[in-house]
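Source file: start_28.cif (mmCIF, C-alpha atoms and all ligand atoms)
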```cif
data_entry
loop_
_atom_site.label_atom_id
_atom_site.label_comp_id
_atom_site.auth_asym_id
_atom_site.auth_seq_id
_atom_site.Cartn_x
_atom_site.Cartn_y
_atom_site.Cartn_z
CA MET D 1 7.47 7.70 -0.58
CA LEU D 2 10.64 5.81 -1.37
CA VAL D 3 11.74 3.12 -3.76
CA ASP D 4 14.43 0.57 -2.95
CA VAL D 5 16.39 -0.27 -6.10
CA GLY D 6 18.08 -3.35 -4.65
CA VAL D 7 16.35 -6.03 -2.60
CA ASN D 8 17.38 -9.70 -2.62
CA LEU D 9 13.82 -10.76 -1.87
CA LEU D 10 14.58 -14.31 -3.00
CA ASN D 11 17.35 -14.72 -0.47
CA GLY D 12 16.82 -17.60 1.95
CA GLN D 13 16.78 -15.15 4.86
CA PHE D 14 13.36 -13.98 3.68
CA ARG D 15 11.91 -17.41 3.00
CA ARG D 16 9.83 -17.59 6.15
CA ASP D 17 8.28 -14.14 6.21
CA ARG D 18 8.65 -12.53 2.79
CA ASP D 19 5.11 -11.13 2.73
CA ALA D 20 5.59 -9.52 6.13
CA VAL D 21 8.89 -8.03 4.96
CA VAL D 22 7.17 -6.43 1.97
CA GLN D 23 4.34 -5.19 4.16
CA ARG D 24 6.72 -3.66 6.70
CA ALA D 25 8.54 -1.91 3.87
CA ARG D 26 5.32 -0.43 2.55
CA GLN D 27 4.36 0.72 6.03
CA ALA D 28 7.74 2.42 6.26
CA GLY D 29 6.98 4.32 3.05
CA VAL D 30 8.99 2.08 0.73
CA ASP D 31 6.23 1.38 -1.71
CA ASP D 32 8.23 -0.11 -4.56
CA MET D 33 11.21 -2.44 -4.66
CA LEU D 34 13.42 -3.83 -7.37
CA ILE D 35 13.91 -7.56 -6.90
CA ILE D 36 17.49 -8.42 -7.81
CA ALA D 37 18.54 -11.75 -9.27
CA THR D 38 21.94 -13.42 -9.10
CA ASP D 39 21.67 -16.35 -11.51
CA LEU D 40 19.30 -17.82 -14.07
CA ASP D 41 17.20 -19.66 -11.50
CA SER D 42 16.71 -16.62 -9.33
CA SER D 43 16.01 -14.55 -12.46
CA MET D 44 13.10 -16.84 -13.30
CA GLN D 45 11.90 -16.75 -9.72
CA ALA D 46 12.22 -12.97 -9.63
CA ILE D 47 10.00 -12.63 -12.69
CA GLU D 48 7.43 -14.87 -11.06
CA LEU D 49 7.58 -13.11 -7.69
CA GLY D 50 7.49 -9.73 -9.42
CA GLY D 51 4.27 -10.83 -11.05
CA VAL D 52 2.75 -11.73 -7.69
CA LEU D 53 3.88 -8.56 -5.94
CA GLY D 54 3.51 -6.13 -8.85
CA MET D 55 7.23 -5.31 -8.84
CA ARG D 56 10.01 -5.17 -11.37
CA CYS D 57 13.16 -7.25 -11.25
CA THR D 58 16.54 -7.85 -12.80
CA ALA D 59 17.77 -10.91 -14.69
CA GLY D 60 21.42 -11.79 -14.73
CA VAL D 61 24.41 -13.63 -13.31
CA HIS D 62 26.31 -12.21 -10.34
CA PRO D 63 30.11 -12.42 -10.55
CA HIS D 64 30.06 -14.82 -7.58
CA ASP D 65 27.93 -17.19 -9.68
CA ALA D 66 29.79 -16.74 -12.94
CA ALA D 67 31.56 -20.10 -12.71
CA ALA D 68 28.26 -21.95 -12.37
CA VAL D 69 26.79 -21.01 -15.76
CA THR D 70 25.96 -23.90 -18.06
CA PRO D 71 26.16 -24.11 -21.88
CA GLY D 72 23.48 -22.05 -23.59
CA TRP D 73 23.06 -19.69 -20.64
CA GLN D 74 23.39 -16.61 -22.84
CA ASP D 75 20.37 -17.55 -24.94
CA GLN D 76 18.37 -18.35 -21.82
CA LEU D 77 19.29 -15.05 -20.22
CA ARG D 78 18.54 -13.09 -23.38
CA GLN D 79 15.11 -14.66 -23.42
CA LEU D 80 14.48 -13.86 -19.74
CA ALA D 81 15.74 -10.32 -20.22
CA THR D 82 13.01 -9.63 -22.76
CA GLU D 83 10.32 -10.32 -20.14
CA PRO D 84 8.33 -7.15 -19.45
CA ARG D 85 8.98 -7.32 -15.67
CA VAL D 86 12.72 -7.35 -16.19
CA CYS D 87 13.93 -3.75 -16.16
CA ALA D 88 17.69 -4.40 -16.11
CA VAL D 89 20.34 -7.01 -16.85
CA GLY D 90 22.25 -7.95 -13.68
CA GLU D 91 23.55 -8.18 -11.14
CA THR D 92 26.60 -8.55 -13.29
CA GLY D 93 30.14 -7.30 -13.00
CA LEU D 94 33.38 -8.11 -11.23
CA ASP D 95 34.12 -9.02 -7.63
CA PHE D 96 37.80 -9.52 -6.96
CA ASN D 97 37.28 -9.14 -3.22
CA ARG D 98 36.37 -12.75 -2.72
CA ASN D 99 36.84 -14.35 -6.14
CA PHE D 100 34.14 -16.97 -5.60
CA SER D 101 34.46 -17.39 -9.38
CA PRO D 102 37.86 -17.14 -11.11
CA PRO D 103 38.50 -13.64 -12.53
CA THR D 104 38.81 -14.95 -16.11
CA VAL D 105 35.33 -16.47 -15.93
CA GLN D 106 33.95 -13.33 -14.29
CA ARG D 107 35.25 -11.24 -17.20
CA GLU D 108 33.71 -13.53 -19.84
CA VAL D 109 30.33 -13.74 -18.15
CA PHE D 110 30.27 -9.97 -17.61
CA ALA D 111 31.18 -9.23 -21.24
CA ALA D 112 28.41 -11.52 -22.47
CA GLN D 113 25.86 -9.74 -20.27
CA ILE D 114 26.89 -6.32 -21.52
CA GLN D 115 26.08 -7.58 -25.02
CA ILE D 116 22.76 -8.98 -23.90
CA ALA D 117 21.79 -5.65 -22.31
CA GLN D 118 22.72 -3.92 -25.55
CA GLN D 119 20.68 -6.40 -27.58
CA VAL D 120 17.55 -6.17 -25.44
CA ASP D 121 18.13 -2.46 -24.86
CA LYS D 122 17.68 -2.48 -21.09
CA PRO D 123 19.86 -0.93 -18.38
CA LEU D 124 22.83 -2.74 -16.87
CA TYR D 125 22.77 -3.41 -13.13
CA VAL D 126 26.43 -3.53 -12.24
CA HIS D 127 28.32 -4.88 -9.22
CA ASP D 128 31.93 -3.72 -8.84
CA ARG D 129 33.98 -4.80 -5.86
CA GLU D 130 37.68 -4.16 -6.01
CA SER D 131 38.07 -4.49 -9.76
CA GLN D 132 40.72 -1.73 -9.59
CA GLY D 133 39.23 0.13 -12.51
CA GLU D 134 38.91 -2.91 -14.75
CA LEU D 135 35.12 -2.85 -14.76
CA MET D 136 35.17 0.69 -16.12
CA GLN D 137 37.75 -0.29 -18.71
CA ILE D 138 35.57 -3.12 -19.98
CA LEU D 139 32.47 -0.92 -20.12
CA GLY D 140 34.45 1.86 -21.75
CA THR D 141 35.34 -0.34 -24.71
CA ALA D 142 31.98 -2.08 -25.06
CA GLY D 143 30.47 0.32 -27.56
CA LEU D 144 27.20 2.14 -27.12
CA LEU D 145 25.87 1.30 -23.66
CA PRO D 146 22.37 1.34 -22.25
CA PRO D 147 21.97 3.29 -18.97
CA VAL D 148 24.17 1.81 -16.23
CA LEU D 149 23.59 1.63 -12.47
CA VAL D 150 26.66 0.95 -10.35
CA HIS D 151 24.84 -0.68 -7.48
CA CYS D 152 26.12 -0.59 -3.90
CA PHE D 153 28.95 1.76 -4.77
CA THR D 154 31.84 1.38 -2.31
CA GLY D 155 34.77 2.37 -4.52
CA THR D 156 37.37 5.09 -4.65
CA ALA D 157 37.15 8.76 -5.63
CA ALA D 158 38.78 7.96 -8.99
CA GLU D 159 36.25 5.21 -9.69
CA LEU D 160 33.36 7.46 -8.78
CA GLU D 161 34.67 10.15 -11.06
CA SER D 162 35.04 7.77 -13.99
CA TYR D 163 31.51 6.41 -13.49
CA LEU D 164 30.03 9.88 -13.34
CA GLN D 165 31.96 10.98 -16.40
CA ALA D 166 30.57 7.99 -18.26
CA GLY D 167 27.05 9.08 -17.28
CA PHE D 168 26.36 6.17 -14.94
CA TYR D 169 23.93 6.17 -12.03
CA ILE D 170 25.23 5.43 -8.52
CA GLY D 171 23.43 3.25 -5.96
CA ILE D 172 24.16 3.85 -2.28
CA THR D 173 23.36 1.34 0.48
CA GLY D 174 23.67 1.18 4.27
CA TRP D 175 27.42 0.79 3.72
CA VAL D 176 27.47 4.58 4.06
CA THR D 177 26.34 4.25 7.70
CA ASP D 178 29.14 1.85 8.68
CA PRO D 179 31.35 3.65 11.22
CA GLN D 180 34.52 2.02 9.89
CA ARG D 181 34.03 0.72 6.35
CA GLY D 182 31.80 3.62 5.34
CA ALA D 183 34.19 6.44 6.23
CA ALA D 184 35.66 6.89 2.73
CA LEU D 185 32.23 6.64 1.13
CA ARG D 186 30.82 9.33 3.43
CA ASP D 187 33.41 11.75 2.04
CA LEU D 188 32.47 10.88 -1.54
CA VAL D 189 28.68 10.94 -1.56
CA THR D 190 28.57 14.74 -1.70
CA HIS D 191 30.11 14.51 -5.18
CA ILE D 192 27.22 12.56 -6.68
CA PRO D 193 24.80 14.81 -8.58
CA THR D 194 21.28 14.36 -7.22
CA GLU D 195 19.96 13.32 -10.64
CA ARG D 196 22.36 10.35 -10.71
CA LEU D 197 21.74 9.07 -7.19
CA LEU D 198 19.69 6.01 -6.25
CA LEU D 199 19.09 4.46 -2.83
CA GLU D 200 18.97 0.77 -2.02
CA THR D 201 19.26 -1.54 0.96
CA ASP D 202 20.72 -4.67 -0.70
CA ALA D 203 18.64 -6.45 1.97
CA PRO D 204 19.10 -8.89 3.69
CA PHE D 205 22.68 -7.63 3.64
CA LEU D 206 24.15 -4.35 4.92
CA LYS D 207 21.77 -3.40 7.71
CA PRO D 208 22.16 0.35 8.29
CA PHE D 209 24.09 1.06 11.48
CA ASN D 210 21.72 3.91 12.35
CA THR D 211 18.77 1.52 12.60
CA PRO D 212 17.43 1.73 16.18
CA GLU D 213 18.76 -1.06 18.39
CA ASP D 214 15.27 -2.30 19.21
CA TRP D 215 13.93 -2.23 15.62
CA PRO D 216 13.41 -6.01 15.42
CA GLY D 217 11.66 -6.06 18.79
CA GLN D 218 9.43 -3.16 17.81
CA HIS D 219 8.32 -5.19 14.83
CA GLY D 220 7.74 -8.38 16.75
CA LEU D 221 10.87 -10.08 15.42
CA GLY D 222 12.95 -12.38 17.56
CA SER D 223 16.68 -12.19 18.15
CA ARG D 224 17.40 -14.41 15.15
CA TYR D 225 16.56 -11.41 12.95
CA LYS D 226 18.82 -9.03 14.82
CA ARG D 227 21.32 -8.64 11.99
CA ARG D 228 19.02 -8.96 9.00
CA CYS D 229 18.47 -5.94 6.81
CA GLU D 230 14.99 -5.28 5.43
CA PRO D 231 13.78 -2.86 2.76
CA ALA D 232 11.84 -1.14 5.55
CA MET D 233 15.23 0.19 6.72
CA LEU D 234 15.77 2.26 3.57
CA PRO D 235 14.67 5.45 5.41
CA TYR D 236 17.83 5.15 7.55
CA VAL D 237 20.01 5.20 4.43
CA LEU D 238 17.99 8.19 3.21
CA GLN D 239 18.43 10.03 6.52
CA MET D 240 22.18 9.51 6.54
CA MET D 241 22.49 10.64 2.93
CA ALA D 242 20.35 13.73 3.53
CA ARG D 243 22.51 14.66 6.51
CA LEU D 244 25.81 14.13 4.68
CA ARG D 245 24.64 15.99 1.58
CA GLN D 246 22.80 18.65 3.59
CA GLN D 247 19.64 18.07 1.65
CA ASP D 248 16.05 18.02 2.77
CA VAL D 249 14.95 14.42 3.48
CA ALA D 250 11.68 14.70 1.56
CA GLU D 251 13.36 16.35 -1.41
CA LEU D 252 16.05 13.69 -1.59
CA ALA D 253 13.42 10.96 -1.34
CA ALA D 254 11.46 12.49 -4.21
CA ALA D 255 14.54 13.04 -6.36
CA THR D 256 15.89 9.51 -5.96
CA ARG D 257 12.45 8.15 -6.60
CA ALA D 258 12.21 10.14 -9.81
CA ASN D 259 15.58 8.71 -10.86
CA ALA D 260 14.33 5.16 -10.29
CA GLU D 261 11.23 5.96 -12.32
CA ARG D 262 13.28 7.32 -15.17
CA LEU D 263 15.85 4.52 -15.12
CA PHE D 264 13.74 1.46 -14.31
CA GLY D 265 10.13 2.58 -14.68
CA MET D 266 9.66 2.02 -10.94
CA GLY D 267 7.27 3.72 -8.57
CA GLN D 268 4.38 3.60 -10.99
CA PRO D 269 1.51 1.17 -10.88
CA SER D 270 3.29 -1.72 -12.61
CA ALA D 271 0.34 -3.35 -14.26
CA GLN D 272 0.74 -6.59 -16.16
CA GLY D 273 1.85 -4.45 -19.07
CA SER D 274 5.38 -3.91 -20.16
CA ILE D 275 7.89 -1.29 -19.18
CA ASP D 276 7.64 1.51 -21.67
CA PRO D 277 11.04 1.70 -23.37
CA GLY D 278 10.36 5.42 -23.60
CA ASN D 279 10.92 5.58 -19.82
CA VAL D 280 14.48 4.43 -20.20
CA ILE D 281 16.17 7.60 -21.27
CA PRO D 282 19.93 7.48 -21.53
CA PRO D 283 21.54 10.04 -19.27
ZN ZN D 301 26.03 -6.61 -5.62
#
```

If you convert what's in this file into structure tokens, what do you get?
Ligand SMILES: [Zn+2]
Amino acid sequence: MLVDVGVNLLNGQFRRDRDAVVQRARQAGVDDMLIIATDLDSSMQAIELGGVLGMRCTAGVHPHDAAAVTPGWQDQLRQLATEPRVCAVGETGLDFNRNFSPPTVQREVFAAQIQIAQQVDKPLYVHDRESQGELMQILGTAGLLPPVLVHCFTGTAAELESYLQAGFYIGITGWVTDPQRGAALRDLVTHIPTERLLLETDAPFLKPFNTPEDWPGQHGLGSRYKRRCEPAMLPYVLQMMARLRQQDVAELAAATRANAERLFGMGQPSAQGSIDPGNVIPP
């Protein structure tokens, strides 16, 4: 059994067949998913959807959406972050690859969310794309941090080292299967201690390249879904990681699942009740 710690279930690409997507994931052995939010609206929707599906979610503002926050957003987010279904604050961080929001705004909105995570005492769900070490600098001077997941890690050896030294968890996606873009990452993943490793799809993005060509057809999906990634494809990320790290597939699945349980309280029957703060043990 596997858990996917990053699914954009609210993305428009899942609007038509979300229930089927969840069902296919469960049939593929992915029995729990973390629904990730990218702004206040999607945070509210994630809490609602999490309630329907019995899943946990994040609440936060993605760096791409940083420029769209409105006055009072911090109070609103703090409130949402206290919801029992919310097991982390994020996605939040820096993305200087595309700069959909100006870097200055990204920094402000990130800093505010670090504080919120500290106040509500829940993990930070961090997105870092080409911040050239700045994200680590900001976190390094932010005082006592809750547990941190660097989701969809695609950075350099130096960045990985600084994250690991700081005690952060590392999320790996299908990026690692990309013949070109994933080459550097494939060399680095052997350096991640098993107890710090988490697996995610970031669906509907980053479809693993080792997914069989006819996967959509096998699942009765037309050609319009050819490029879409689904949480049911997490086993392909697992297989690649097990091969690269020369680990047993079942053992790696169990270990990464245990990490998600420890960090986010995932993989357990998530009854209406709240996440036990006792589950969130700092590394
Ligand atoms: Zn991200």

So that each row is one residue of stretch 149-242 of chain D with an atom at most 12 Å from stretch 87-99 of chain D, can you give its shortest atom pair and the distance in Å to one decimal, using all atoms listed in the file, rows by chain and rising number, as CSV?
```
residue,atom,partner,partner_atom,distance
D:Leu149,CA,D:Ala88,CA,9.2
D:Val150,CA,D:Gly93,CA,9.3
D:His151,CA,D:Glu91,CA,8.4
D:Cys152,CA,D:Glu91,CA,10.8
D:Thr154,CA,D:Asn97,CA,11.9
D:Gly155,CA,D:Asp95,CA,11.8
D:Asp202,CA,D:Glu91,CA,11.4
```

Near stretch 204-217 of chain D, counting all atoms listed in the file, which residues have an atom at most 10 Å away, once you skip same-chain residues fewer than 6 positions from it, shown as a PyMOL selection string?
-> chain D and resi 7-14+152+173-179+223-231+233-237+239-240

From the set D:His64, D:Arg186, D:Arg18, D:His219, which residue has the shortest atom-to-atom contact distance to ligand ZN 301 (chain D), counting all atoms listed in the file?
-> D:His64

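Nearest to ligand ZN 301 (chain D) of all the residues D:Arg262, D:His127, D:Arg257, D:Arg196 is D:His127, counting all atoms listed in the file.
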
Report the centre and edge lengths, in Å to one decimal, of an axis-aligned box enclosing every atom of stretch 35-47 of chain D listed in the file, padded by 5 Å on each side, as JSON.
```
{"center_x": 16.0, "center_y": -13.6, "center_z": -10.5, "size_x": 21.9, "size_y": 22.1, "size_z": 17.2}
```

Taking 5 positions as the minimum chain separation for residues in the same chain, which residues sit within 10 Å of D:Arg245 when counting only C-alpha atoms? Answer as an mmCIF file with C-alpha atoms, in the coordinates of the input.
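Result file part-v1.cif:
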```cif
data_model
loop_
_atom_site.group_PDB
_atom_site.id
_atom_site.type_symbol
_atom_site.label_atom_id
_atom_site.label_comp_id
_atom_site.auth_asym_id
_atom_site.auth_seq_id
_atom_site.Cartn_x
_atom_site.Cartn_y
_atom_site.Cartn_z
ATOM 1 C CA ARG D 186 30.820 9.330 3.430
ATOM 2 C CA ASP D 187 33.410 11.750 2.040
ATOM 3 C CA LEU D 188 32.470 10.880 -1.540
ATOM 4 C CA VAL D 189 28.680 10.940 -1.560
ATOM 5 C CA THR D 190 28.570 14.740 -1.700
ATOM 6 C CA HIS D 191 30.110 14.510 -5.180
ATOM 7 C CA ILE D 192 27.220 12.560 -6.680
ATOM 8 C CA THR D 194 21.280 14.360 -7.220
ATOM 9 C CA GLN D 239 18.430 10.030 6.520
ATOM 10 C CA MET D 240 22.180 9.510 6.540
ATOM 11 C CA LEU D 252 16.050 13.690 -1.590
#
```

So that I can check the surroundings of D:Ala111, please list as a JSON list (two decimals) with C-alpha atoms, keeping the file's coordinate frame every protein, DNA and RNA residue that reaches within 10 Å of it, counting only C-alpha atoms and ignoring chain neighbours fewer than 6 positions away.
```json
[["chain", "number", "residue", "atom", "x", "y", "z"],
["D", 92, "THR", "CA", 26.60, -8.55, -13.29],
["D", 93, "GLY", "CA", 30.14, -7.30, -13.00],
["D", 105, "VAL", "CA", 35.33, -16.47, -15.93],
["D", 135, "LEU", "CA", 35.12, -2.85, -14.76],
["D", 138, "ILE", "CA", 35.57, -3.12, -19.98],
["D", 139, "LEU", "CA", 32.47, -0.92, -20.12],
["D", 142, "ALA", "CA", 31.98, -2.08, -25.06]]
```

Which residue out of D:Glu200, D:Glu161, D:Asp19, D:Glu251 has the minimum interatomic distance to ligand ZN 301 (chain D) when all atoms listed in the file are used?
->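 Closest candidate: D:Glu200.
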
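Coordinates place atom CA of D:Tyr169 at a distance of 26.8 Å from atom CA of D:Glu48.
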
Would you please work out which residue, of D:Val52, D:Ala68, D:Leu244, D:Ile172, is nearest to ligand ZN 301 (chain D) when using only C-alpha atoms and all ligand atoms?
-> D:Ile172

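Taking only C-alpha atoms and all ligand atoms into account, ligand ZN 301 (chain D) lies nearest to D:Thr201 out of the set D:Gln165, D:Gln247, D:Thr201, D:Thr256.
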
Of the candidates D:Glu134, D:Asp4, D:Asp32, D:Asp75, which shows the shortest atom-to-atom distance to D:Ser162, using all atoms listed in the file?
->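 For D:Ser162, the nearest of the given residues is D:Glu134.
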
At what distance in Å, to one decimal, does atom CA of D:Pro84 lie from atom CA of D:Ala46?
-> 12.1 Å

Protein/DNA/RNA residues near (5.3, -11.0, -12.6), cut 10 Å, all atoms listed in the file, as a PyMOL selection string | chain D and resi 44-57+83-86+270-273

Export of the given selection (C-alpha atoms) as a CSV table (one decimal), in the frame of the given file:
```csv
chain,number,residue,atom,x,y,z
D,44,MET,CA,13.1,-16.8,-13.3
D,45,GLN,CA,11.9,-16.8,-9.7
D,46,ALA,CA,12.2,-13.0,-9.6
D,47,ILE,CA,10.0,-12.6,-12.7
D,48,GLU,CA,7.4,-14.9,-11.1
D,49,LEU,CA,7.6,-13.1,-7.7
D,50,GLY,CA,7.5,-9.7,-9.4
D,51,GLY,CA,4.3,-10.8,-11.0
D,52,VAL,CA,2.8,-11.7,-7.7
D,53,LEU,CA,3.9,-8.6,-5.9
D,54,GLY,CA,3.5,-6.1,-8.8
D,55,MET,CA,7.2,-5.3,-8.8
D,56,ARG,CA,10.0,-5.2,-11.4
D,57,CYS,CA,13.2,-7.2,-11.2
D,83,GLU,CA,10.3,-10.3,-20.1
D,84,PRO,CA,8.3,-7.2,-19.4
D,85,ARG,CA,9.0,-7.3,-15.7
D,86,VAL,CA,12.7,-7.4,-16.2
D,270,SER,CA,3.3,-1.7,-12.6
D,271,ALA,CA,0.3,-3.4,-14.3
D,272,GLN,CA,0.7,-6.6,-16.2
D,273,GLY,CA,1.8,-4.4,-19.1
```

Between atom CA of D:Val5 and atom CA of D:Leu199 - distance in Å to one decimal =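 Going from atom CA of D:Leu199 over to atom CA of D:Val5 covers 6.4 Å.
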
Near D:Val249, within 9 Å and counting only C-alpha atoms, which residues show up once chain neighbours fewer than 6 positions away are dropped, as a list of chain:residue names?
->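 Counting only C-alpha atoms, the residues come to D:Leu238, D:Gln239, D:Met241, D:Ala242, D:Arg243.
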
Could N, CA and C atoms be built for stretch 87-102 of chain D and written out as a PDB file, in the frame of the given file?
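Produced file out-v7.pdb, reproduced below:
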```
ATOM      1  N   CYS D  87      13.615  -5.133 -15.769  1.00  0.00           N
ATOM      2  CA  CYS D  87      13.930  -3.750 -16.160  1.00  0.00           C
ATOM      3  C   CYS D  87      15.425  -3.520 -16.231  1.00  0.00           C
ATOM      4  N   ALA D  88      16.242  -4.562 -15.988  1.00  0.00           N
ATOM      5  CA  ALA D  88      17.690  -4.400 -16.110  1.00  0.00           C
ATOM      6  C   ALA D  88      18.357  -5.761 -16.197  1.00  0.00           C
ATOM      7  N   VAL D  89      19.535  -5.791 -16.793  1.00  0.00           N
ATOM      8  CA  VAL D  89      20.340  -7.010 -16.850  1.00  0.00           C
ATOM      9  C   VAL D  89      21.366  -6.938 -15.718  1.00  0.00           C
ATOM     10  N   GLY D  90      21.330  -7.918 -14.816  1.00  0.00           N
ATOM     11  CA  GLY D  90      22.250  -7.950 -13.680  1.00  0.00           C
ATOM     12  C   GLY D  90      21.666  -8.732 -12.515  1.00  0.00           C
ATOM     13  N   GLU D  91      22.262  -8.783 -11.339  1.00  0.00           N
ATOM     14  CA  GLU D  91      23.550  -8.180 -11.140  1.00  0.00           C
ATOM     15  C   GLU D  91      24.592  -8.860 -12.003  1.00  0.00           C
ATOM     16  N   THR D  92      25.475  -8.028 -12.536  1.00  0.00           N
ATOM     17  CA  THR D  92      26.600  -8.550 -13.290  1.00  0.00           C
ATOM     18  C   THR D  92      27.784  -7.632 -13.018  1.00  0.00           C
ATOM     19  N   GLY D  93      28.972  -8.141 -13.239  1.00  0.00           N
ATOM     20  CA  GLY D  93      30.140  -7.300 -13.000  1.00  0.00           C
ATOM     21  C   GLY D  93      31.336  -8.104 -12.556  1.00  0.00           C
ATOM     22  N   LEU D  94      32.149  -7.482 -11.698  1.00  0.00           N
ATOM     23  CA  LEU D  94      33.380  -8.110 -11.230  1.00  0.00           C
ATOM     24  C   LEU D  94      33.472  -7.981  -9.715  1.00  0.00           C
ATOM     25  N   ASP D  95      33.899  -9.052  -9.069  1.00  0.00           N
ATOM     26  CA  ASP D  95      34.120  -9.020  -7.630  1.00  0.00           C
ATOM     27  C   ASP D  95      35.427  -9.734  -7.341  1.00  0.00           C
ATOM     28  N   PHE D  96      36.478  -8.945  -7.232  1.00  0.00           N
ATOM     29  CA  PHE D  96      37.800  -9.520  -6.960  1.00  0.00           C
ATOM     30  C   PHE D  96      38.107  -9.494  -5.472  1.00  0.00           C
ATOM     31  N   ASN D  97      37.082  -9.135  -4.668  1.00  0.00           N
ATOM     32  CA  ASN D  97      37.280  -9.140  -3.220  1.00  0.00           C
ATOM     33  C   ASN D  97      37.324 -10.574  -2.708  1.00  0.00           C
ATOM     34  N   ARG D  98      36.416 -11.394  -3.236  1.00  0.00           N
ATOM     35  CA  ARG D  98      36.370 -12.750  -2.720  1.00  0.00           C
ATOM     36  C   ARG D  98      36.651 -13.814  -3.783  1.00  0.00           C
ATOM     37  N   ASN D  99      36.550 -13.413  -5.056  1.00  0.00           N
ATOM     38  CA  ASN D  99      36.840 -14.350  -6.140  1.00  0.00           C
ATOM     39  C   ASN D  99      36.176 -15.720  -5.975  1.00  0.00           C
ATOM     40  N   PHE D 100      34.882 -15.704  -5.671  1.00  0.00           N
ATOM     41  CA  PHE D 100      34.140 -16.970  -5.600  1.00  0.00           C
ATOM     42  C   PHE D 100      34.140 -17.650  -6.969  1.00  0.00           C
ATOM     43  N   SER D 101      34.240 -16.859  -8.040  1.00  0.00           N
ATOM     44  CA  SER D 101      34.460 -17.390  -9.380  1.00  0.00           C
ATOM     45  C   SER D 101      35.802 -16.840  -9.858  1.00  0.00           C
ATOM     46  N   PRO D 102      36.549 -17.625 -10.642  1.00  0.00           N
ATOM     47  CA  PRO D 102      37.860 -17.140 -11.110  1.00  0.00           C
ATOM     48  C   PRO D 102      37.693 -15.858 -11.944  1.00  0.00           C
TER      49      PRO D 102
END
```
